[in-house]
Amino acid sequence: MAAEEDYGRPAVLLNPLEGDPTDADSHIGGPMLWPIDDEWPSCDADGEPFVGAVQLYQRDFPELPFPGGTDLLQVFLCTLDHDTPGPDVRLVWRDSTTVFELIEEEPQPSQQEELYVPTVNVFEPIRYTEYPAKISGGTKIGGWTAWNDSDPLTFACPECGAVQRQTLSLGTYEPSGDNVEWVFGEDGNLNIFLCEKDVHHPIKVLID
Ligand SMILES: [Zn+2]
Ligand SMILES: [Zn+2]
């Protein structure tokens with residue numbers, strides 16, 4: 001049984017909408033703010049470059065647990081299936097004010113599962129309080145996990161034992177009907193859980 005204060009959780013439905021964002025915008029599937037001197041992330045399992053999937057600025061989404069000195073969360077996906085079916089996920093917490101010269105061209109993987117490749121979207125966020133009895137399956141920050149196939153699970157950080165908290169969820173279906181056109185599992189969600197104590201600790205990714 002959840003603790004009383006845990007019952008209603010703040011959530012932000014990102015509410016994606018097709019658009020034409022720049023690297024200076026929060027978006028899904030648009031250009032990433034990536035400095036020319038940083039190595040572009042690639043997948044350990046297959047060596048393919050990751051695909052820039054989501055970019056969230058602190059000015060738009062202060063609800064995210066930005067570590068000190070950072071103001072941008074970048075989410076990368078390896079858009080292939082892995083041992084656990086689904087894409088691999090990499091998070092980068094960045095200080096956007098220190099990026100001056102950008103990468104000229106984002107590396108493209110030689111192959112991708114079309115199911116995991118998003119369309120290009122901006123956001124019209126909706127802020128609300130989410131309760132376990134009424135959980136949105138849309139793409140969102142915070143809130144509760146929309147368990148589609150499994151019974152509710154809890155996860156502990158493998159590094160420090162603290163609770164890993166539902167932080168970002170990418171949804172197959174948006175409440176608006178404007179789907180991003182990626183598909184996770186059985187039309188479910190790709191949920192990203194972060195250590196409550198330190199977001200740099202290993203993350204948990206669960207498709208359900
Ligand atoms: Zn991979
Ligand atoms: Zn931890």
# chains A, B, ... in the order shown; residues from 1 in each chain; ligands from 1
call {"tool": "select_by_dssp", "arguments": {"residues": "region 15-187 of chain A", "states": "strand (DSSP E or B)", "output": "PyMOL selection string"}}
result
chain A and resi 16-18+27-28+35+42+49+51-57+72-78+88-94+102+121-123+126-131+134+140-142+155-156+163-171+184
call {"tool": "closest_atom_pairs", "arguments": {"of": "chain A", "to": "ligand 1", "cutoff": "8 Å", "atoms": "only C-alpha atoms and all ligand atoms", "output": "CSV"}}
result
residue,atom,partner,partner_atom_place_in_ligand_line,distance
A:Ser42,CA,ligand 1,1 (Zn),7.7
A:Cys43,CA,ligand 1,1 (Zn),4.6
A:Asp44,CA,ligand 1,1 (Zn),6.6
A:Ala45,CA,ligand 1,1 (Zn),5.1
A:Asp46,CA,ligand 1,1 (Zn),4.9
A:Gly47,CA,ligand 1,1 (Zn),6.8
A:Glu48,CA,ligand 1,1 (Zn),6.2
A:Phe50,CA,ligand 1,1 (Zn),7.6
A:Cys78,CA,ligand 1,1 (Zn),4.6
A:Thr79,CA,ligand 1,1 (Zn),6.7
A:Leu80,CA,ligand 1,1 (Zn),5.4
A:Asp81,CA,ligand 1,1 (Zn),6.8
A:His82,CA,ligand 1,1 (Zn),6.2
A:Pro87,CA,ligand 1,1 (Zn),6.7
A:Asp88,CA,ligand 1,1 (Zn),5.7
call {"tool": "residues_around", "arguments": {"residues": "Cys160 (chain A)", "least_positions_apart": "5", "cutoff": "9 Å", "atoms": "only C-alpha atoms", "output": "mmCIF file with N, CA and C atoms, in the first residue's frame"}}
result
data_model
loop_
_atom_site.group_PDB
_atom_site.id
_atom_site.type_symbol
_atom_site.label_atom_id
_atom_site.label_comp_id
_atom_site.auth_asym_id
_atom_site.auth_seq_id
_atom_site.Cartn_x
_atom_site.Cartn_y
_atom_site.Cartn_z
ATOM 1 N N CYS A 195 17.091 6.581 -9.987
ATOM 2 C CA CYS A 195 17.405 6.546 -8.560
ATOM 3 C C CYS A 195 16.999 7.873 -7.931
ATOM 4 N N LYS A 197 18.083 9.121 -5.281
ATOM 5 C CA LYS A 197 19.214 9.810 -4.640
ATOM 6 C C LYS A 197 20.156 10.445 -5.650
ATOM 7 N N ASP A 198 20.346 9.782 -6.810
ATOM 8 C CA ASP A 198 21.326 10.269 -7.777
ATOM 9 C C ASP A 198 20.931 9.790 -9.180
ATOM 10 N N HIS A 201 23.097 7.348 -11.187
ATOM 11 C CA HIS A 201 23.160 5.912 -10.911
ATOM 12 C C HIS A 201 22.450 5.161 -12.039
#
call {"tool": "closest_atom_pairs", "arguments": {"of": "chain A", "to": "ligand 2", "cutoff": "8 Å", "atoms": "only C-alpha atoms and all ligand atoms", "output": "JSON lines"}}
result
{"residue": "A:Ala156", "atom": "CA", "partner": "ligand 2", "partner_atom_place_in_ligand_line": "1 (Zn)", "distance": 7.8}
{"residue": "A:Cys157", "atom": "CA", "partner": "ligand 2", "partner_atom_place_in_ligand_line": "1 (Zn)", "distance": 4.6}
{"residue": "A:Pro158", "atom": "CA", "partner": "ligand 2", "partner_atom_place_in_ligand_line": "1 (Zn)", "distance": 6.6}
{"residue": "A:Glu159", "atom": "CA", "partner": "ligand 2", "partner_atom_place_in_ligand_line": "1 (Zn)", "distance": 5.0}
{"residue": "A:Cys160", "atom": "CA", "partner": "ligand 2", "partner_atom_place_in_ligand_line": "1 (Zn)", "distance": 4.1}
{"residue": "A:Gly161", "atom": "CA", "partner": "ligand 2", "partner_atom_place_in_ligand_line": "1 (Zn)", "distance": 5.9}
{"residue": "A:Ala162", "atom": "CA", "partner": "ligand 2", "partner_atom_place_in_ligand_line": "1 (Zn)", "distance": 5.3}
{"residue": "A:Val163", "atom": "CA", "partner": "ligand 2", "partner_atom_place_in_ligand_line": "1 (Zn)", "distance": 7.6}
{"residue": "A:Gln164", "atom": "CA", "partner": "ligand 2", "partner_atom_place_in_ligand_line": "1 (Zn)", "distance": 7.6}
{"residue": "A:Cys195", "atom": "CA", "partner": "ligand 2", "partner_atom_place_in_ligand_line": "1 (Zn)", "distance": 4.6}
{"residue": "A:Glu196", "atom": "CA", "partner": "ligand 2", "partner_atom_place_in_ligand_line": "1 (Zn)", "distance": 6.7}
{"residue": "A:Lys197", "atom": "CA", "partner": "ligand 2", "partner_atom_place_in_ligand_line": "1 (Zn)", "distance": 5.5}
{"residue": "A:Asp198", "atom": "CA", "partner": "ligand 2", "partner_atom_place_in_ligand_line": "1 (Zn)", "distance": 5.4}
{"residue": "A:Val199", "atom": "CA", "partner": "ligand 2", "partner_atom_place_in_ligand_line": "1 (Zn)", "distance": 7.4}
{"residue": "A:His200", "atom": "CA", "partner": "ligand 2", "partner_atom_place_in_ligand_line": "1 (Zn)", "distance": 7.9}
{"residue": "A:His201", "atom": "CA", "partner": "ligand 2", "partner_atom_place_in_ligand_line": "1 (Zn)", "distance": 5.0}
{"residue": "A:Pro202", "atom": "CA", "partner": "ligand 2", "partner_atom_place_in_ligand_line": "1 (Zn)", "distance": 7.2}
call {"tool": "atom_distance", "arguments": {"atom1": "CA of Ser26 (chain A)", "atom2": "CA of Asn121 (chain A)"}}
result
9.0 Å
call {"tool": "closest_atom_pairs", "arguments": {"of": "region 134-166 of chain A", "to": "region 175-184 of chain A", "cutoff": "8 Å", "atoms": "only C-alpha atoms", "output": "JSON lines"}}
result
{"residue": "A:Ser136", "atom": "CA", "partner": "A:Pro175", "partner_atom": "CA", "distance": 7.8}
{"residue": "A:Gly137", "atom": "CA", "partner": "A:Pro175", "partner_atom": "CA", "distance": 7.7}
{"residue": "A:Gly138", "atom": "CA", "partner": "A:Pro175", "partner_atom": "CA", "distance": 6.0}
call {"tool": "atom_distance", "arguments": {"atom1": "CA of Gln55 (chain A)", "atom2": "CA of Ser96 (chain A)"}}
result
11.3 Å
call {"tool": "select_by_dssp", "arguments": {"residues": "region 27-142 of chain A", "states": "helix (DSSP H, G or I)", "output": "list in words"}}
result
Ser96, Thr97, Thr98, Glu114, Leu115 and Tyr116 of chain A
call {"tool": "write_last_selection", "arguments": {"atoms": "all heavy atoms", "output": "PDB file, in the first residue's frame"}}
result
ATOM      1  N   SER A  96      23.331  23.389 -21.035  1.00  0.00           N
ATOM      2  CA  SER A  96      23.208  23.911 -22.402  1.00  0.00           C
ATOM      3  C   SER A  96      23.986  25.207 -22.589  1.00  0.00           C
ATOM      4  O   SER A  96      24.350  25.559 -23.710  1.00  0.00           O
ATOM      5  CB  SER A  96      21.734  24.133 -22.755  1.00  0.00           C
ATOM      6  OG  SER A  96      21.213  25.228 -22.026  1.00  0.00           O
ATOM      7  N   THR A  97      24.264  25.905 -21.480  1.00  0.00           N
ATOM      8  CA  THR A  97      24.925  27.211 -21.612  1.00  0.00           C
ATOM      9  C   THR A  97      26.409  27.065 -21.943  1.00  0.00           C
ATOM     10  O   THR A  97      27.075  28.044 -22.269  1.00  0.00           O
ATOM     11  CB  THR A  97      24.795  28.037 -20.305  1.00  0.00           C
ATOM     12  OG1 THR A  97      25.495  27.354 -19.252  1.00  0.00           O
ATOM     13  CG2 THR A  97      23.338  28.214 -19.922  1.00  0.00           C
ATOM     14  N   THR A  98      26.938  25.824 -21.869  1.00  0.00           N
ATOM     15  CA  THR A  98      28.357  25.620 -22.180  1.00  0.00           C
ATOM     16  C   THR A  98      28.547  25.071 -23.599  1.00  0.00           C
ATOM     17  O   THR A  98      29.662  24.745 -23.991  1.00  0.00           O
ATOM     18  CB  THR A  98      29.006  24.634 -21.187  1.00  0.00           C
ATOM     19  OG1 THR A  98      28.352  23.361 -21.324  1.00  0.00           O
ATOM     20  CG2 THR A  98      28.869  25.124 -19.757  1.00  0.00           C
ATOM     21  N   GLU A 114      11.827   0.187 -37.402  1.00  0.00           N
ATOM     22  CA  GLU A 114      10.919   1.310 -37.672  1.00  0.00           C
ATOM     23  C   GLU A 114       9.988   1.597 -36.487  1.00  0.00           C
ATOM     24  O   GLU A 114       9.584   2.726 -36.251  1.00  0.00           O
ATOM     25  CB  GLU A 114      10.096   1.048 -38.936  1.00  0.00           C
ATOM     26  CG  GLU A 114      10.862   1.275 -40.226  1.00  0.00           C
ATOM     27  CD  GLU A 114      11.475   2.676 -40.323  1.00  0.00           C
ATOM     28  OE1 GLU A 114      10.758   3.644 -39.997  1.00  0.00           O
ATOM     29  OE2 GLU A 114      12.660   2.787 -40.700  1.00  0.00           O
ATOM     30  N   LEU A 115       9.689   0.519 -35.724  1.00  0.00           N
ATOM     31  CA  LEU A 115       8.777   0.643 -34.584  1.00  0.00           C
ATOM     32  C   LEU A 115       9.252   1.640 -33.536  1.00  0.00           C
ATOM     33  O   LEU A 115       8.460   2.161 -32.759  1.00  0.00           O
ATOM     34  CB  LEU A 115       8.657  -0.709 -33.870  1.00  0.00           C
ATOM     35  CG  LEU A 115       7.856  -1.805 -34.509  1.00  0.00           C
ATOM     36  CD1 LEU A 115       7.917  -3.052 -33.642  1.00  0.00           C
ATOM     37  CD2 LEU A 115       6.416  -1.362 -34.685  1.00  0.00           C
ATOM     38  N   TYR A 116      10.569   1.859 -33.482  1.00  0.00           N
ATOM     39  CA  TYR A 116      11.112   2.688 -32.406  1.00  0.00           C
ATOM     40  C   TYR A 116      11.531   4.072 -32.881  1.00  0.00           C
ATOM     41  O   TYR A 116      12.105   4.847 -32.122  1.00  0.00           O
ATOM     42  CB  TYR A 116      12.313   1.991 -31.755  1.00  0.00           C
ATOM     43  CG  TYR A 116      12.008   0.591 -31.255  1.00  0.00           C
ATOM     44  CD1 TYR A 116      12.873  -0.459 -31.478  1.00  0.00           C
ATOM     45  CD2 TYR A 116      10.828   0.344 -30.560  1.00  0.00           C
ATOM     46  CE1 TYR A 116      12.580  -1.735 -31.024  1.00  0.00           C
ATOM     47  CE2 TYR A 116      10.526  -0.926 -30.105  1.00  0.00           C
ATOM     48  CZ  TYR A 116      11.409  -1.971 -30.348  1.00  0.00           C
ATOM     49  OH  TYR A 116      11.112  -3.232 -29.904  1.00  0.00           O
TER      50      TYR A 116
END
call {"tool": "residues_around", "arguments": {"residues": "His27 (chain A)", "least_positions_apart": "2", "cutoff": "7 Å", "atoms": "only C-alpha atoms", "output": "list in words"}}
result
Pro21, Asp25, Gly29, Gly30, Val54, Gln55, Leu56, Asn121, Val122 and Phe123 of chain A
call {"tool": "write_last_selection", "arguments": {"atoms": "N, CA, C and O atoms", "output": "short mmCIF file (atom, residue, chain, number, x, y, z; two decimals), in the first residue's frame"}}
result
data_model
loop_
_atom_site.label_atom_id
_atom_site.label_comp_id
_atom_site.auth_asym_id
_atom_site.auth_seq_id
_atom_site.Cartn_x
_atom_site.Cartn_y
_atom_site.Cartn_z
N PRO A 21 10.91 21.58 -34.49
CA PRO A 21 11.74 22.18 -33.44
C PRO A 21 13.20 22.33 -33.88
O PRO A 21 13.64 21.67 -34.82
N ASP A 25 15.06 23.84 -28.67
CA ASP A 25 13.70 23.56 -28.18
C ASP A 25 13.63 22.20 -27.49
O ASP A 25 14.41 21.29 -27.80
N GLY A 29 12.32 13.69 -31.30
CA GLY A 29 12.73 13.39 -32.67
C GLY A 29 13.36 14.52 -33.46
O GLY A 29 13.62 14.36 -34.65
N GLY A 30 13.61 15.66 -32.82
CA GLY A 30 14.23 16.78 -33.52
C GLY A 30 15.74 16.79 -33.32
O GLY A 30 16.31 15.84 -32.77
N VAL A 54 14.51 12.31 -27.43
CA VAL A 54 13.77 13.32 -26.67
C VAL A 54 14.77 14.32 -26.09
O VAL A 54 15.86 13.92 -25.66
N GLN A 55 14.38 15.58 -26.05
CA GLN A 55 15.19 16.62 -25.44
C GLN A 55 14.27 17.50 -24.60
O GLN A 55 13.25 17.98 -25.10
N LEU A 56 14.63 17.67 -23.32
CA LEU A 56 13.75 18.40 -22.40
C LEU A 56 14.56 19.45 -21.65
O LEU A 56 15.48 19.11 -20.89
N ASN A 121 8.25 16.04 -33.06
CA ASN A 121 7.17 16.66 -32.29
C ASN A 121 7.67 17.75 -31.36
O ASN A 121 8.78 17.67 -30.83
N VAL A 122 6.82 18.73 -31.15
CA VAL A 122 6.99 19.68 -30.05
C VAL A 122 5.95 19.31 -28.98
O VAL A 122 5.22 18.34 -29.15
N PHE A 123 5.90 20.09 -27.89
CA PHE A 123 5.01 19.70 -26.79
C PHE A 123 4.01 20.81 -26.45
O PHE A 123 4.31 21.99 -26.57
#
call {"tool": "closest_residue", "arguments": {"among": "A:Gly143, A:Pro65, A:Pro152, A:Pro125", "to": "Gly8 (chain A)", "atoms": "only C-alpha atoms"}}
result
A:Gly143
call {"tool": "residues_around", "arguments": {"residues": "Pro62 (chain A)", "least_positions_apart": "2", "cutoff": "12 Å", "atoms": "only C-alpha atoms", "output": "list in words"}}
result
Pro10, Ala11, Val12, Leu56, Tyr57, Gln58, Arg59, Asp60, Leu64, Pro65, Phe66, Pro67, Thr70, Asp71, Leu72, Leu73, Arg127, Ile141 and Gly142 of chain A
call {"tool": "write_last_selection", "arguments": {"atoms": "C-alpha atoms", "output": "PDB file, in the first residue's frame"}}
result
ATOM      1  CA  PRO A  10       2.644  15.412  -9.893  1.00  0.00           C
ATOM      2  CA  ALA A  11       2.745  14.563 -13.574  1.00  0.00           C
ATOM      3  CA  VAL A  12       3.240  16.369 -16.854  1.00  0.00           C
ATOM      4  CA  LEU A  56      13.745  18.397 -22.397  1.00  0.00           C
ATOM      5  CA  TYR A  57      14.886  21.821 -21.171  1.00  0.00           C
ATOM      6  CA  GLN A  58      14.618  22.765 -17.519  1.00  0.00           C
ATOM      7  CA  ARG A  59      12.913  26.050 -18.390  1.00  0.00           C
ATOM      8  CA  ASP A  60      10.053  24.008 -19.910  1.00  0.00           C
ATOM      9  CA  LEU A  64      12.596  16.811 -13.853  1.00  0.00           C
ATOM     10  CA  PRO A  65      15.327  16.110 -11.264  1.00  0.00           C
ATOM     11  CA  PHE A  66      18.091  18.100 -12.967  1.00  0.00           C
ATOM     12  CA  PRO A  67      21.417  17.657 -11.164  1.00  0.00           C
ATOM     13  CA  THR A  70      22.542  21.033 -15.765  1.00  0.00           C
ATOM     14  CA  ASP A  71      19.476  22.354 -17.557  1.00  0.00           C
ATOM     15  CA  LEU A  72      18.883  19.865 -20.358  1.00  0.00           C
ATOM     16  CA  LEU A  73      17.938  16.177 -20.364  1.00  0.00           C
ATOM     17  CA  ARG A 127       0.203  19.507 -15.723  1.00  0.00           C
ATOM     18  CA  ILE A 141       7.055  13.085 -16.794  1.00  0.00           C
ATOM     19  CA  GLY A 142       6.447  11.750 -13.291  1.00  0.00           C
TER      20      GLY A 142
END
call {"tool": "residues_around", "arguments": {"residues": "Leu206 (chain A)", "least_positions_apart": "4", "cutoff": "12 Å", "atoms": "only C-alpha atoms", "output": "CSV table (one decimal) with N, CA and C atoms, in the first residue's frame"}}
result
chain,number,residue,atom,x,y,z
A,84,THR,N,16.7,-8.0,-23.8
A,84,THR,CA,15.4,-7.7,-23.4
A,84,THR,C,14.7,-6.9,-24.6
A,85,PRO,N,13.6,-7.5,-25.1
A,85,PRO,CA,13.1,-6.8,-26.3
A,85,PRO,C,12.9,-5.3,-26.1
A,86,GLY,N,13.2,-4.5,-27.1
A,86,GLY,CA,13.0,-3.1,-27.0
A,86,GLY,C,14.3,-2.4,-27.2
A,87,PRO,N,14.2,-1.0,-27.4
A,87,PRO,CA,15.4,-0.2,-27.6
A,87,PRO,C,16.2,-0.1,-26.3
A,88,ASP,N,17.5,0.2,-26.5
A,88,ASP,CA,18.3,0.6,-25.4
A,88,ASP,C,18.2,2.1,-25.1
A,89,VAL,N,18.4,2.5,-23.9
A,89,VAL,CA,18.2,3.9,-23.6
A,89,VAL,C,19.4,4.5,-22.9
A,145,THR,N,3.3,4.5,-12.9
A,145,THR,CA,3.6,3.6,-14.1
A,145,THR,C,2.2,3.0,-14.5
A,146,ALA,N,2.0,3.1,-15.8
A,146,ALA,CA,0.8,2.5,-16.4
A,146,ALA,C,1.1,1.0,-16.7
A,147,TRP,N,0.8,0.2,-15.7
A,147,TRP,CA,1.1,-1.2,-15.9
A,147,TRP,C,0.0,-1.8,-16.8
A,148,ASN,N,0.5,-2.3,-17.9
A,148,ASN,CA,-0.4,-2.8,-18.9
A,148,ASN,C,-0.5,-4.4,-18.8
A,149,ASP,N,0.7,-5.0,-18.8
A,149,ASP,CA,0.8,-6.5,-18.8
A,149,ASP,C,1.2,-7.1,-17.4
A,150,SER,N,2.0,-6.3,-16.7
A,150,SER,CA,2.4,-6.9,-15.4
A,150,SER,C,1.7,-6.3,-14.2
A,152,PRO,N,2.0,-4.4,-10.6
A,152,PRO,CA,3.0,-3.3,-10.3
A,152,PRO,C,4.2,-3.9,-9.6
A,153,LEU,N,5.4,-3.3,-10.1
A,153,LEU,CA,6.7,-3.7,-9.6
A,153,LEU,C,7.3,-2.5,-9.0
A,154,THR,N,8.3,-2.8,-8.0
A,154,THR,CA,9.1,-1.7,-7.5
A,154,THR,C,10.5,-2.1,-7.8
A,155,PHE,N,11.4,-1.0,-7.9
A,155,PHE,CA,12.8,-1.3,-8.3
A,155,PHE,C,13.7,-0.5,-7.3
A,164,GLN,N,14.0,3.4,-7.1
A,164,GLN,CA,14.0,4.0,-8.4
A,164,GLN,C,12.6,4.4,-8.8
A,165,ARG,N,12.5,5.7,-9.2
A,165,ARG,CA,11.2,6.3,-9.3
A,165,ARG,C,10.8,6.5,-10.8
A,166,GLN,N,9.6,6.3,-11.1
A,166,GLN,CA,9.0,6.5,-12.4
A,166,GLN,C,9.3,8.0,-12.8
A,167,THR,N,10.1,8.3,-13.8
A,167,THR,CA,10.5,9.6,-14.1
A,167,THR,C,10.0,10.1,-15.5
A,168,LEU,N,10.2,9.2,-16.5
A,168,LEU,CA,9.8,9.5,-17.8
A,168,LEU,C,9.2,8.3,-18.5
A,169,SER,N,8.1,8.5,-19.2
A,169,SER,CA,7.4,7.4,-19.8
A,169,SER,C,7.1,7.8,-21.3
A,170,LEU,N,7.5,7.0,-22.2
A,170,LEU,CA,7.2,7.2,-23.6
A,170,LEU,C,6.1,6.3,-24.0
A,184,PHE,N,5.9,0.4,-28.3
A,184,PHE,CA,6.7,-0.2,-27.3
A,184,PHE,C,5.9,-1.5,-26.8
A,185,GLY,N,6.5,-2.6,-27.0
A,185,GLY,CA,5.9,-3.9,-26.5
A,185,GLY,C,4.5,-4.0,-27.2
A,188,GLY,N,2.4,-0.6,-25.5
A,188,GLY,CA,2.5,-0.2,-24.2
A,188,GLY,C,3.4,1.1,-24.1
A,189,ASN,N,4.1,1.1,-22.9
A,189,ASN,CA,4.9,2.3,-22.6
A,189,ASN,C,6.4,1.9,-22.3
A,190,LEU,N,7.3,2.7,-22.7
A,190,LEU,CA,8.7,2.5,-22.3
A,190,LEU,C,8.9,3.4,-21.1
A,191,ASN,N,9.1,2.8,-19.9
A,191,ASN,CA,9.2,3.6,-18.7
A,191,ASN,C,10.6,3.6,-18.2
A,192,ILE,N,11.0,4.8,-17.8
A,192,ILE,CA,12.4,5.0,-17.3
A,192,ILE,C,12.3,5.4,-15.8
A,193,PHE,N,13.0,4.6,-15.0
A,193,PHE,CA,13.0,4.8,-13.6
A,193,PHE,C,14.4,5.3,-13.2
A,194,LEU,N,14.4,6.3,-12.4
A,194,LEU,CA,15.7,6.9,-11.9
A,194,LEU,C,15.8,6.8,-10.4
call {"tool": "atom_distance", "arguments": {"atom1": "CA of Glu101 (chain A)", "atom2": "CA of Pro31 (chain A)"}}
result
14.0 Å
call {"tool": "closest_residue", "arguments": {"among": "A:Asp95, A:Asp83, A:Asp20, A:Glu104", "to": "Ile36 (chain A)", "atoms": "only C-alpha atoms"}}
result
A:Glu104
call {"tool": "closest_residue", "arguments": {"among": "A:Asp23, A:Ala53, A:Thr119, A:Lys204", "to": "Leu102 (chain A)", "atoms": "only C-alpha atoms"}}
result
A:Asp23
